[in-house]
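Student: One structure follows; several queries about it will come next.
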Amino acid sequence: MIDEKGLRTDGRRPNELRPIKMEVGVLSNADGSAYIEQGKSKVLAAVYGPRELHPRHLALPDRAILRCRYHMAPFSVEERKSPAPSRREIELSKVIREALEPAIFLEKFPRTSIDIFIEVLQADGGTRCAGTTAAALALADAGIPMRDLVAACAAGKVDGVLVLDLNDIEDKEGEADMPVSYMPNLGLISLLQMDGSLTFEEFKQVLNLALEGCKQIYKLQKEALKAKYVAIKEEVETCLQS
Ligand code: ADP
């Protein structure tokens, strides 16, 4: 997993993220949307709402409810995955919802729902984190008032080396994998899971590594949001000139 030069299977140094591309506003039918590529993982997020909630009895008198569906497309992995929701997808839908919930002013929209759909188009590790990052962008794109963006990234241990942003093979063959989501402005961690085993010292180092990754991703999120509005501004200016 780590060669004699200390490089990883995809040529990265231990503390390096995979190449990341993000785009906001990719689906015109959704209220907000975003697409992310992180290495070979490709994930789309769509947000609908705040909107009238069906079934109505689920509505809360003092806030909106947040619903989240994480789904892997059947073609997203080498061997066809059943489109039916697996236990893993049900778990990830729940943890992603909980990772995003503290960022949203749900109390501003009583009796409504905000629905998040995360579709993994290609999976190569780290999809719960990429899905969380994309969903936070889609929420912001939908104009939903937020306390902060949520950026997510995993870190872990592979061949005895502490590494950032594990890919699929590192996740499967490595000793530990710790997905983290973070709101840098609030200084809040909203997701922290761990597979495998680490000493307490390693745990602290891996957590710090993941938080550094989240901060880099947070910068990219802000750039992706700004890029959409720069494009709109340029379009408006061209219209006004003609
Ligand atoms: P995450 O994608 O958040 O790292 P996991 O650790 O559960 O979540 O999964 C790691 C990787 O394992 C996924 O990104 C994907 O590449 C692969 N994987 C997950 N489910 C399946 C599946 N049903 N078939 C094949 N590969 C899968």
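Ligands are numbered from 1 in the order shown, residues from 1 within each chain, and chains are lettered A, B, ... in the order they appear in the structure tokens.
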At a cut-off of 10 Å, can you tabulate as a tab-separated table every residue of chain A near ligand 1 together with its closest atom pair and the distance in Å to one decimal, using only C-alpha atoms and all ligand atoms and ordering rows by chain then number?
Tutor:
```
residue	atom	partner	partner_atom_place_in_ligand_line	distance
A:Lys40	CA	ligand 1	16 (O)	9.1
A:Ser41	CA	ligand 1	14 (O)	7.2
A:Lys42	CA	ligand 1	14 (O)	9.8
A:Met72	CA	ligand 1	20 (N)	7.8
A:Ala73	CA	ligand 1	23 (N)	9.8
A:Pro74	CA	ligand 1	23 (N)	8.6
A:Phe75	CA	ligand 1	24 (N)	9.6
A:Ser76	CA	ligand 1	25 (C)	8.1
A:Val77	CA	ligand 1	25 (C)	5.0
A:Glu78	CA	ligand 1	25 (C)	6.4
A:Glu79	CA	ligand 1	25 (C)	6.2
A:Arg80	CA	ligand 1	24 (N)	7.3
A:Lys81	CA	ligand 1	23 (N)	5.3
A:Ser82	CA	ligand 1	23 (N)	7.8
A:Pro83	CA	ligand 1	23 (N)	9.9
A:Ser86	CA	ligand 1	23 (N)	8.3
A:Arg88	CA	ligand 1	7 (O)	6.8
A:Glu89	CA	ligand 1	20 (N)	8.6
A:Glu91	CA	ligand 1	7 (O)	9.7
A:Leu92	CA	ligand 1	3 (O)	7.8
A:Val120	CA	ligand 1	14 (O)	8.8
A:Gln122	CA	ligand 1	16 (O)	7.7
A:Ala123	CA	ligand 1	16 (O)	4.0
A:Asp124	CA	ligand 1	16 (O)	3.7
A:Gly125	CA	ligand 1	14 (O)	3.0
A:Gly126	CA	ligand 1	4 (O)	3.5
A:Thr127	CA	ligand 1	2 (O)	3.6
A:Arg128	CA	ligand 1	3 (O)	3.7
A:Cys129	CA	ligand 1	3 (O)	5.9
A:Ala130	CA	ligand 1	3 (O)	7.8
A:Gly131	CA	ligand 1	3 (O)	8.3
A:Thr132	CA	ligand 1	3 (O)	9.7
A:Cys153	CA	ligand 1	3 (O)	9.3
A:Ala154	CA	ligand 1	4 (O)	7.9
A:Asp165	CA	ligand 1	4 (O)	9.2
A:Leu166	CA	ligand 1	4 (O)	7.7
A:Asn167	CA	ligand 1	14 (O)	7.5
A:Asp168	CA	ligand 1	16 (O)	4.9
A:Ile169	CA	ligand 1	11 (C)	8.1
A:Glu170	CA	ligand 1	10 (C)	9.2
A:Asp171	CA	ligand 1	10 (C)	6.1
A:Lys172	CA	ligand 1	10 (C)	7.1
A:Asp177	CA	ligand 1	6 (O)	7.6
A:Met178	CA	ligand 1	4 (O)	9.0
A:Pro179	CA	ligand 1	3 (O)	7.2
A:Met194	CA	ligand 1	6 (O)	9.5
A:Asp195	CA	ligand 1	6 (O)	8.1
```
Student: I'd like the neighbourhood of Val95 (chain A) as a list in words, where a residue qualifies if any of its atoms comes within 10 Å (using only C-alpha atoms), though same-chain residues fewer than 4 positions away should be ignored.
Tutor: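 In the requested form, the answer reads Cys68, Tyr70, Glu89, Ile90, Glu91, Ala99, Leu100, Glu101, Arg128, Thr132, Ser190, Leu191, Leu192 and Gln193 of chain A.
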Student: So that I can see what lies close to Pro184 (chain A), please list as a PyMOL selection string the residues with an atom at most 9 Å from it, counting only C-alpha atoms and leaving out residues fewer than 2 positions away in the same chain.
Tutor: chain A and resi 148-151+182+186-189+211+214-215+218
Student: Using only C-alpha atoms, pick whichever of A:Leu198, A:Ala155, A:Val161, A:Ala136 has the shortest atom-to-atom distance to Asp3 (chain A).
Tutor: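 Residue with the minimum atom-to-atom distance to Asp3 (chain A): A:Val161.
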Student: Record the distance separating CA of Gly213 (chain A) and CA of Asp31 (chain A), expressed in Å with one decimal.
Tutor: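 Value for the CA of Gly213 (chain A)-CA of Asp31 (chain A) distance: 28.2 Å.
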Student: Find the nearest atom pair between each residue of region 39-103 of chain A and region 110-117 of chain A for residues within 7 Å, count only C-alpha atoms, give distances in Å to one decimal, sort rows by chain and ascending number, and present the table as a tab-separated table.
Tutor:
```
residue	atom	partner	partner_atom	distance
A:Ala45	CA	A:Phe117	CA	5.6
A:Ala46	CA	A:Phe117	CA	5.2
A:Val47	CA	A:Ile116	CA	4.6
A:Tyr48	CA	A:Asp115	CA	5.2
A:Gly49	CA	A:Ile114	CA	4.6
A:Pro50	CA	A:Ile114	CA	4.8
A:Arg51	CA	A:Thr112	CA	5.2
A:Glu52	CA	A:Thr112	CA	5.0
A:Leu53	CA	A:Thr112	CA	5.1
A:Ala59	CA	A:Arg111	CA	4.7
A:Leu60	CA	A:Arg111	CA	5.1
A:Pro61	CA	A:Arg111	CA	5.4
A:Asp62	CA	A:Pro110	CA	4.8
A:Arg63	CA	A:Pro110	CA	3.8
A:Ala64	CA	A:Thr112	CA	4.7
A:Ile65	CA	A:Ser113	CA	4.8
A:Leu66	CA	A:Ile114	CA	5.0
A:Arg67	CA	A:Asp115	CA	4.8
A:Cys68	CA	A:Ile116	CA	4.6
A:Arg69	CA	A:Phe117	CA	5.0
A:Tyr70	CA	A:Phe117	CA	6.2
```
Student: With C-alpha atoms retained, export the selected residues as a compact mmCIF listing (two decimals), in the first residue's frame.
Tutor:
```
# COMPACT_ATOMS: atom_id res chain seq x y z
CA ALA A 45 -26.55 15.82 -4.39
CA ALA A 46 -30.00 17.40 -4.86
CA VAL A 47 -32.02 19.40 -2.33
CA TYR A 48 -35.78 20.03 -2.46
CA GLY A 49 -37.46 22.39 -0.02
CA PRO A 50 -38.35 23.78 2.37
CA ARG A 51 -41.64 22.38 1.02
CA GLU A 52 -45.00 21.13 2.24
CA LEU A 53 -44.52 17.83 3.99
CA ALA A 59 -44.73 17.74 10.34
CA LEU A 60 -43.32 19.50 13.40
CA PRO A 61 -44.98 22.70 14.64
CA ASP A 62 -41.70 24.45 15.48
CA ARG A 63 -39.25 23.43 12.77
CA ALA A 64 -38.65 21.74 9.45
CA ILE A 65 -37.76 18.08 9.32
CA LEU A 66 -34.64 17.10 7.43
CA ARG A 67 -34.76 13.91 5.36
CA CYS A 68 -31.79 12.39 3.63
CA ARG A 69 -31.39 9.49 1.22
CA TYR A 70 -27.90 8.24 0.40
```
Student: Select, from A:Ile96, A:Phe105, A:Val43, A:Gly174, the residue with the minimum atom-to-atom distance to Ala140 (chain A), counting only C-alpha atoms.
Tutor: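 Nearest to Ala140 (chain A): A:Phe105.
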Student: Could you find all residues in region 6-77 of chain A that DSSP calls strand (DSSP E) from the backbone, and write them as JSON, numbers by chain?
Tutor: {"A": [20, 21, 22, 23, 24, 32, 33, 34, 35, 36, 37, 38, 41, 42, 43, 44, 45, 46, 47, 48, 49, 50, 51, 52, 65, 66, 67, 68, 69, 70, 71, 72]}
Student: For Leu7 (chain A), which of A:Glu201, A:Asp159, A:Ser93, A:His57 is the closest residue, counting only C-alpha atoms?
Tutor: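 Nearest candidate to Leu7 (chain A) out of A:Glu201, A:Asp159, A:Ser93, A:His57: A:Asp159.
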Student: May I ask which of the residues A:Thr199, A:Ser181, A:Ser33, A:Ser242 is the closest one to Ile144 (chain A), counting only C-alpha atoms?
Tutor: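 Closest candidate: A:Ser33.
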Student: Skip Gly156 (chain A) itself and residues of its chain fewer than 6 positions away, then list as a JSON list (two decimals) with all heavy atoms, in the first residue's frame all residues within 7 Å of it, counting only C-alpha atoms.
Tutor:
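Listing of result.json after writing:
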```
[["chain", "number", "residue", "atom", "x", "y", "z"],
["A", 162, "LEU", "N", -0.08, 6.93, 8.77],
["A", 162, "LEU", "CA", -1.33, 7.68, 8.91],
["A", 162, "LEU", "C", -1.57, 8.46, 7.61],
["A", 162, "LEU", "O", -0.68, 9.19, 7.16],
["A", 162, "LEU", "CB", -1.25, 8.63, 10.11],
["A", 162, "LEU", "CG", -0.89, 7.94, 11.44],
["A", 162, "LEU", "CD1", -1.01, 8.92, 12.61],
["A", 162, "LEU", "CD2", -1.76, 6.71, 11.71],
["A", 163, "VAL", "N", -2.73, 8.29, 7.02],
["A", 163, "VAL", "CA", -2.99, 8.86, 5.69],
["A", 163, "VAL", "C", -4.31, 9.62, 5.66],
["A", 163, "VAL", "O", -5.24, 9.33, 6.41],
["A", 163, "VAL", "CB", -3.02, 7.76, 4.58],
["A", 163, "VAL", "CG1", -1.67, 7.10, 4.42],
["A", 163, "VAL", "CG2", -4.10, 6.73, 4.85],
["A", 164, "LEU", "N", -4.38, 10.58, 4.72],
["A", 164, "LEU", "CA", -5.58, 11.40, 4.54],
["A", 164, "LEU", "C", -6.36, 10.89, 3.32],
["A", 164, "LEU", "O", -5.75, 10.50, 2.32],
["A", 164, "LEU", "CB", -5.14, 12.86, 4.32],
["A", 164, "LEU", "CG", -6.24, 13.91, 4.10],
["A", 164, "LEU", "CD1", -7.14, 14.02, 5.32],
["A", 164, "LEU", "CD2", -5.62, 15.27, 3.78],
["A", 176, "ALA", "N", -7.16, 1.22, 9.57],
["A", 176, "ALA", "CA", -8.22, 2.04, 10.19],
["A", 176, "ALA", "C", -8.68, 3.12, 9.22],
["A", 176, "ALA", "O", -7.92, 3.59, 8.37],
["A", 176, "ALA", "CB", -7.69, 2.70, 11.46],
["A", 177, "ASP", "N", -9.97, 3.50, 9.38],
["A", 177, "ASP", "CA", -10.58, 4.52, 8.52],
["A", 177, "ASP", "C", -11.51, 5.35, 9.40],
["A", 177, "ASP", "O", -12.34, 4.79, 10.10],
["A", 177, "ASP", "CB", -11.38, 3.78, 7.43],
["A", 177, "ASP", "CG", -12.21, 4.72, 6.57],
["A", 177, "ASP", "OD1", -11.75, 5.85, 6.32],
["A", 177, "ASP", "OD2", -13.31, 4.31, 6.13],
["A", 178, "MET", "N", -11.31, 6.67, 9.40],
["A", 178, "MET", "CA", -12.10, 7.53, 10.28],
["A", 178, "MET", "C", -12.73, 8.69, 9.49],
["A", 178, "MET", "O", -12.08, 9.68, 9.21],
["A", 178, "MET", "CB", -11.20, 8.11, 11.39],
["A", 178, "MET", "CG", -11.95, 8.92, 12.43],
["A", 178, "MET", "SD", -10.84, 9.98, 13.37],
["A", 178, "MET", "CE", -9.94, 8.80, 14.29],
["A", 206, "VAL", "N", -4.81, 11.12, 13.67],
["A", 206, "VAL", "CA", -5.69, 10.86, 12.52],
["A", 206, "VAL", "C", -6.85, 11.88, 12.52],
["A", 206, "VAL", "O", -7.22, 12.41, 11.47],
["A", 206, "VAL", "CB", -6.21, 9.41, 12.55],
["A", 206, "VAL", "CG1", -7.35, 9.20, 11.56],
["A", 206, "VAL", "CG2", -5.08, 8.45, 12.22]]
```
Student: Enter the distance from CA of Ile232 (chain A) to CA of Val24 (chain A), in Å, rounded to one decimal.
Tutor: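 Computed distance, CA of Ile232 (chain A) to CA of Val24 (chain A), equals 11.9 Å.
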Student: Could you pull out all residues of region 45-138 of chain A with a DSSP call of alpha helix (DSSP H) and give them as a PyMOL selection string?
Tutor: chain A and resi 87-100+127-138
Student: Can you work out which one of A:Glu16, A:Glu37, A:Asp141, A:Asp10 has the shortest atom-to-atom distance to Tyr229 (chain A), counting only C-alpha atoms?
Tutor: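 Comparing A:Glu16, A:Glu37, A:Asp141, A:Asp10 against Tyr229 (chain A), the winner is A:Asp141.
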